[in-house]
$ cat work27.txt   # compact mmCIF, C-alpha atoms
# COMPACT_ATOMS: atom_id res chain seq x y z
CA MET U 1 77.83 170.51 120.95
CA LEU U 2 79.61 169.34 124.09
CA SER U 3 81.45 171.82 126.17
CA LEU U 4 85.20 171.58 126.64
CA SER U 5 84.90 170.45 130.28
CA LYS U 6 82.44 167.66 129.43
CA THR U 7 84.64 166.45 126.56
CA PHE U 8 87.70 166.30 128.83
CA LEU U 9 85.73 164.34 131.46
CA LEU U 10 84.54 161.78 128.87
CA LEU U 11 88.07 161.19 127.54
CA THR U 12 89.37 160.73 131.10
CA MET U 13 86.76 158.03 131.86
CA CYS U 14 87.59 156.11 128.64
CA ALA U 15 91.29 156.15 129.46
CA CYS U 16 90.69 154.78 132.97
CA THR U 17 88.51 151.98 131.60
CA ALA U 18 91.21 150.94 129.09
CA ILE U 19 93.94 150.90 131.76
CA HIS U 20 91.79 148.73 134.06
CA ALA U 21 91.09 146.20 131.28
CA HIS U 22 94.78 146.09 130.40
CA ALA U 23 95.67 145.30 134.01
CA GLN U 24 93.13 142.40 134.17
CA ASP U 25 94.39 140.61 130.99
CA PRO U 26 96.99 137.94 132.03
CA LEU U 27 98.37 137.75 128.50
CA LEU U 28 99.26 141.45 128.56
CA SER U 29 100.59 141.60 132.13
CA ILE U 30 104.34 141.67 132.54
CA THR U 31 106.67 141.67 135.47
CA THR U 32 109.73 143.77 135.93
CA ASP U 33 111.34 141.08 138.15
CA THR U 34 113.62 139.12 135.78
CA THR U 35 115.44 137.25 138.56
CA LYS U 36 112.57 134.83 139.40
CA LYS U 37 111.08 132.42 136.90
CA VAL U 38 108.47 129.96 138.15
CA LYS U 39 107.45 126.98 135.98
CA THR U 40 103.88 125.89 136.60
CA THR U 41 101.52 123.38 135.04
CA PRO U 42 97.74 123.63 134.52
CA ASN U 43 95.82 123.17 137.75
CA ASN U 44 99.15 122.85 139.63
CA ILE U 45 99.51 119.11 138.74
CA ARG U 46 102.92 117.62 139.54
CA VAL U 47 104.40 115.54 136.72
CA LYS U 48 106.02 112.33 138.03
CA PRO U 49 109.07 110.92 136.24
CA LYS U 50 108.41 107.77 134.20
CA GLY U 51 109.61 104.47 135.69
CA PRO U 52 110.62 101.26 133.85
CA LYS U 53 108.02 99.82 131.53
CA PRO U 54 106.02 97.02 133.26
CA ILE U 55 106.76 93.50 132.03
CA LYS U 56 103.68 91.80 130.61
CA ASN U 57 104.88 89.04 128.26
CA GLU U 58 107.09 85.96 128.43
CA VAL U 59 108.38 83.51 125.81
CA SER U 60 110.58 80.49 126.50
CA PHE U 61 111.90 77.29 124.98
CA GLY U 62 112.73 74.04 126.72
CA ILE U 63 113.50 70.34 126.54
CA ARG U 64 112.03 67.63 128.78
CA LEU U 65 113.66 64.32 129.62
CA HIS U 66 110.84 61.87 130.38
CA SER U 67 111.06 58.48 132.03
CA ASN U 68 109.66 57.09 128.74
CA GLY U 69 111.04 59.48 126.12
CA TRP U 70 111.75 63.14 125.44
CA SER U 71 110.00 66.32 124.29
CA GLY U 72 110.75 69.84 123.10
CA TYR U 73 108.38 72.74 123.76
CA VAL U 74 107.75 76.47 123.51
CA ASP U 75 105.72 78.62 125.95
CA TYR U 76 104.14 82.04 125.41
CA GLY U 77 102.81 83.66 128.57
CA LYS U 78 101.00 86.71 129.88
CA ILE U 79 102.11 87.96 133.31
CA LYS U 80 99.12 88.56 135.59
CA ALA U 81 99.02 90.81 138.69
CA LYS U 82 96.10 92.64 140.32
CA ASN U 83 98.50 95.32 141.52
CA SER U 84 100.49 96.88 138.67
CA LYS U 85 103.29 97.75 141.11
CA VAL U 86 104.18 94.06 141.41
CA SER U 87 103.52 93.05 137.81
CA ASP U 88 107.27 92.57 137.33
CA MET U 89 107.47 90.07 140.19
CA PHE U 90 106.24 87.15 138.03
CA HIS U 91 103.74 85.96 140.65
CA ASN U 92 101.23 84.56 138.17
CA VAL U 93 101.67 83.65 134.51
CA ASN U 94 98.98 82.31 132.17
CA PHE U 95 100.62 80.63 129.19
CA TRP U 96 100.01 78.66 126.02
CA GLN U 97 102.27 75.70 125.24
CA LEU U 98 103.16 73.80 122.05
CA GLU U 99 105.08 70.54 122.47
CA LEU U 100 106.47 67.70 120.34
CA SER U 101 107.33 64.43 122.10
CA GLU U 102 108.42 60.87 121.40
CA LYS U 103 107.36 57.92 123.56
CA LYS U 104 109.61 54.93 124.08
CA SER U 105 109.19 51.68 125.96
CA PRO U 106 111.38 51.53 129.11
CA LYS U 107 112.29 47.98 128.07
CA GLN U 108 113.59 48.80 124.59
CA GLU U 109 117.30 48.32 123.94
CA LYS U 110 119.43 49.29 120.97
CA ILE U 111 121.48 46.44 119.51
CA VAL U 112 124.55 46.77 117.31
CA VAL U 113 124.93 44.05 114.69
CA ASP U 114 128.45 42.64 114.59
CA GLU U 115 130.24 43.12 111.28
CA ASN U 116 131.35 39.48 111.25
CA ALA U 117 127.80 38.17 111.64
CA GLN U 118 127.16 37.00 108.06
CA GLY U 119 128.75 40.16 106.69
CA GLY U 120 126.09 42.53 108.01
CA SER U 121 126.41 45.66 110.12
CA GLY U 122 123.90 48.11 111.57
CA LYS U 123 121.82 49.12 114.57
CA TYR U 124 118.25 48.37 115.52
CA ILE U 125 115.91 48.10 118.52
CA TYR U 126 114.92 44.51 119.05
CA GLY U 127 111.18 43.94 119.35
CA LYS U 128 110.20 47.51 118.54
CA ILE U 129 107.18 47.53 116.23
CA ASN U 130 106.15 51.21 116.12
CA ASN U 131 107.47 54.72 116.62
CA PHE U 132 105.08 56.99 118.47
CA TYR U 133 105.19 60.81 118.42
CA ALA U 134 102.71 63.32 119.82
CA LEU U 135 102.02 66.95 118.95
CA LYS U 136 100.44 68.62 121.98
CA ALA U 137 98.86 72.05 122.50
CA GLY U 138 97.86 73.18 125.98
CA TYR U 139 96.96 76.05 128.29
CA GLY U 140 98.69 76.48 131.64
CA ILE U 141 98.72 78.54 134.83
CA ARG U 142 101.85 79.16 136.90
CA LYS U 143 101.66 80.64 140.43
CA LEU U 144 104.32 81.66 142.94
CA ILE U 145 104.22 79.47 146.07
CA ALA U 146 107.58 80.10 147.76
CA GLY U 147 110.76 82.14 147.60
CA LYS U 148 111.49 85.69 146.58
CA PRO U 149 110.78 86.62 142.96
CA ASP U 150 113.54 89.25 143.02
CA PRO U 151 116.20 89.14 140.27
CA GLY U 152 119.14 86.95 141.23
CA SER U 153 117.20 84.81 143.71
CA VAL U 154 115.29 81.54 143.40
CA SER U 155 111.49 81.40 143.34
CA ILE U 156 109.32 78.28 143.34
CA HIS U 157 106.12 78.09 141.33
CA TRP U 158 103.41 75.49 140.81
CA SER U 159 102.26 74.95 137.21
CA ASN U 160 99.44 72.98 135.63
CA VAL U 161 98.88 72.43 131.90
CA ILE U 162 95.93 70.79 130.15
CA GLY U 163 95.22 70.38 126.46
CA GLY U 164 94.78 68.18 123.40
CA SER U 165 97.19 65.72 121.77
CA LEU U 166 97.56 64.34 118.28
CA GLY U 167 99.41 61.02 118.33
CA ILE U 168 101.38 59.83 115.29
CA LEU U 169 101.95 56.06 115.09
CA LYS U 170 104.56 55.02 112.48
CA PRO U 171 105.55 51.39 111.72
CA TYR U 172 109.13 50.43 112.57
CA TYR U 173 110.92 48.70 109.67
CA ILE U 174 114.03 46.50 109.76
CA ASN U 175 116.22 44.85 107.13
CA VAL U 176 116.69 41.09 107.22
CA TYR U 177 118.80 38.64 105.19
CA SER U 178 115.80 36.55 104.21
CA ASP U 179 113.94 39.37 102.42
CA PRO U 180 115.29 41.92 99.89
CA ASN U 181 112.74 44.45 101.14
CA ALA U 182 112.48 46.01 104.60
CA ILE U 183 109.80 44.41 106.75
CA LYS U 184 107.51 45.53 109.55
CA TYR U 185 105.91 43.49 112.28
CA THR U 186 102.86 41.48 111.19
CA GLU U 187 101.57 37.98 111.88
CA ASP U 188 103.16 36.84 108.61
CA THR U 189 106.60 38.37 109.29
CA LYS U 190 106.64 37.75 113.04
CA SER U 191 109.22 34.94 112.99
CA GLU U 192 111.66 36.86 110.78
CA PHE U 193 111.12 40.15 112.60
CA LEU U 194 112.07 38.58 115.94
CA SER U 195 114.92 36.38 114.70
CA GLN U 196 118.11 38.16 115.75
CA ARG U 197 120.32 36.01 113.52
CA LEU U 198 118.46 37.33 110.45
CA ILE U 199 118.36 41.03 111.32
CA ILE U 200 120.80 43.35 109.51
CA GLY U 201 119.63 46.61 111.10
CA SER U 202 116.98 49.32 111.09
CA ALA U 203 115.61 50.40 107.72
CA GLY U 204 115.80 54.09 108.70
CA PHE U 205 113.35 56.73 109.89
CA ALA U 206 111.87 57.53 106.46
CA GLN U 207 110.68 53.97 105.91
CA GLY U 208 106.99 53.73 106.80
CA ILE U 209 106.18 57.47 107.02
CA GLY U 210 103.45 57.06 104.42
CA GLU U 211 101.74 54.48 106.67
CA SER U 212 101.58 56.77 109.70
CA LYS U 213 98.33 56.77 111.64
CA PHE U 214 96.90 59.76 113.54
CA ILE U 215 95.31 59.12 116.94
CA PRO U 216 93.60 61.95 118.91
CA GLY U 217 93.91 62.29 122.67
CA GLY U 218 94.51 64.66 125.58
CA HIS U 219 97.20 65.40 128.15
CA PHE U 220 97.74 66.93 131.59
CA LYS U 221 100.92 68.03 133.39
CA SER U 222 101.49 69.18 136.97
CA MET U 223 104.95 70.42 137.93
CA LEU U 224 107.16 72.51 140.18
CA HIS U 225 108.92 75.38 138.41
CA PHE U 226 112.21 76.68 139.89
CA ASP U 227 113.11 80.09 138.46
CA PHE U 228 116.83 81.04 138.61
CA SER U 229 116.61 84.13 136.36
CA ALA U 230 119.51 86.53 136.83
CA ASN U 231 117.43 89.62 135.90
CA ARG U 232 113.85 90.68 135.36
CA LYS U 233 113.96 90.26 131.57
CA SER U 234 115.33 86.73 131.32
CA VAL U 235 113.94 83.23 131.90
CA MET U 236 116.12 80.43 133.26
CA ALA U 237 114.30 77.62 135.03
CA ILE U 238 114.15 73.92 135.87
CA GLU U 239 110.87 72.02 136.05
CA THR U 240 110.03 68.60 137.43
CA GLY U 241 106.67 66.90 137.58
CA ILE U 242 104.27 64.28 136.25
CA ASN U 243 102.77 63.91 132.78
CA VAL U 244 99.62 61.97 131.83
CA GLU U 245 98.43 61.31 128.27
CA TYR U 246 95.35 59.40 127.09
CA TYR U 247 94.49 58.43 123.49
CA SER U 248 91.40 57.11 121.74
CA GLU U 249 92.96 53.68 121.11
CA ASN U 250 95.78 51.43 122.28
CA ILE U 251 99.36 52.37 121.34
CA PRO U 252 101.46 49.26 120.53
CA LEU U 253 105.20 49.93 120.89
CA MET U 254 106.88 46.56 121.48
CA ALA U 255 106.16 42.99 120.44
CA GLY U 256 105.04 40.81 123.33
CA GLN U 257 104.01 43.76 125.49
CA GLU U 258 100.44 44.81 126.27
CA ALA U 259 99.36 47.91 124.36
CA LYS U 260 97.62 50.61 126.42
CA PRO U 261 95.85 53.85 125.46
CA TYR U 262 97.65 55.95 128.09
CA PHE U 263 101.10 57.02 129.27
CA VAL U 264 102.12 58.17 132.75
CA ASP U 265 105.66 59.42 133.34
CA ILE U 266 107.82 61.78 135.36
CA PHE U 267 110.14 64.33 133.79
CA LEU U 268 112.88 66.91 134.27
CA ALA U 269 112.88 70.03 132.07
CA PHE U 270 115.31 72.86 131.29
CA GLN U 271 113.81 76.17 130.17
CA PHE U 272 115.26 79.41 128.75
CA GLY U 273 113.69 82.58 127.39
CA LYS U 274 112.96 86.28 127.90
CA ARG U 275 110.35 88.70 129.25
CA TRP U 276 109.30 92.12 128.00
$ encode --input "work27.txt" --output "structure tokens"
Amino acid sequence: MLSLSKTFLLLTMCACTAIHAHAQDPLLSITTDTTKKVKTTPNNIRVKPKGPKPIKNEVSFGIRLHSNGWSGYVDYGKIKAKNSKVSDMFHNVNFWQLELSEKKSPKQEKIVVDENAQGGSGKYIYGKINNFYALKAGYGIRKLIAGKPDPGSVSIHWSNVIGGSLGILKPYYINVYSDPNAIKYTEDTKSEFLSQRLIIGSAGFAQGIGESKFIPGGHFKSMLHFDFSANRKSVMAIETGINVEYYSENIPLMAGQEAKPYFVDIFLAFQFGKRW
């Protein structure tokens, strides 16, 4: 049996050990200073405030006025920048484009039939033998070449688009006094089709749709893109450039004119959209 002095010494050592462990535990330590409160983070990492979300996407719609027709299109783009700090500056955009266009001969002319001419009235394009439309899909790259891409200022970009085309050739029908049915241009109807005194007017767009012919091809566009966007999330631009299309066979548009498998034209485009 331990003596009283040894028992007292053992209890004293246990108490000291418990107090030391209590002082080392950070969860049990408290401070009596209630006037200072310091907010810290693990490993003393400073948390930076979040800035505006970088812009990465762009979608726009536009219309082109060609020297030989018109087209409507839609673009979907991905904004590219090696440095994320300038990703909102629209330096480089890779985009996909879908376009529908109509080709017309520069020599075609719409004629209005006089009401007093044998009782007929109507409109038609003299000598036109086919309508030609093209559905085009392409991939393009747009790069900043001049100006400041800041909101509210003008920036100039160079764009190139290349892709495939699907041409749609539809016969053009007219109504004539000498035939109860609408006629199209053939060797047998050539004299009637080109006789202005017999023509009443166009038979309408729907006539001949079932006879449409599909012709594959390709296209390429090179243009200057002038961006007038008022803020970083909008698209407002004008484009001007050259368009080239080539098809697998000749495209006859007008009687008496040589049919060719290609089109070359210049255009002016107006474009609107948004970025996010």
$ axis_aligned_box --input "work27.txt" --around "range 191-206 of chain U" --padding-each-side "6 Å" --output "JSON"
{"center_x": 115.0, "center_y": 46.2, "center_z": 111.2, "size_x": 23.6, "size_y": 34.6, "size_z": 21.5}
$ closest_residue --input "work27.txt" --among "U:Phe132, U:Tyr246, U:Phe205, U:Tyr139" --to "Gln97 in chain U" --atoms "only C-alpha atoms"
U:Tyr139
$ atom_distance --input "work27.txt" --atom1 "CA of Gly256 in chain U" --atom2 "CA of Gly127 in chain U"
8.0 Å
$ closest_residue --input "work27.txt" --among "U:Ala237, U:Ile174, U:Leu268, U:Leu65" --to "Lys103 in chain U" --atoms "only C-alpha atoms"
U:Leu65
$ residues_near_point --input "work27.txt" --point "(112.0, 90.3, 131.0)" --cutoff "10 Å" --atoms "only C-alpha atoms" --output "list in words"
Pro54, Ile55, Lys56, Asn57, Glu58, Val59, Asp88, Phe90, Ser229, Asn231, Arg232, Lys233, Ser234, Val235, Gly273, Lys274, Arg275 and Trp276 of chain U
$ closest_residue --input "work27.txt" --among "U:Lys190, U:Lys221, U:Lys107, U:Lys143" --to "Leu253 in chain U" --atoms "all atoms listed in the file"
U:Lys107
$ atom_distance --input "work27.txt" --atom1 "CA of Arg197 in chain U" --atom2 "CA of Lys184 in chain U"
16.4 Å
$ residues_around --input "work27.txt" --residues "Tyr173 in chain U" --least-positions-apart "3" --cutoff "12 Å" --atoms "all atoms listed in the file" --output "VMD selection string"
chain U and resid 123 to 131 170 176 181 to 186 189 192 to 194 199 to 209 211
$ atom_distance --input "work27.txt" --atom1 "CA of Ser195 in chain U" --atom2 "CA of Glu109 in chain U"
15.3 Å
$ residues_near_point --input "work27.txt" --point "(123.4, 44.4, 117.1)" --cutoff "7 Å" --atoms "all atoms listed in the file" --output "list of chain:residue names"
U:Ile111, U:Val112, U:Val113, U:Asp114, U:Gly122, U:Lys123, U:Tyr124
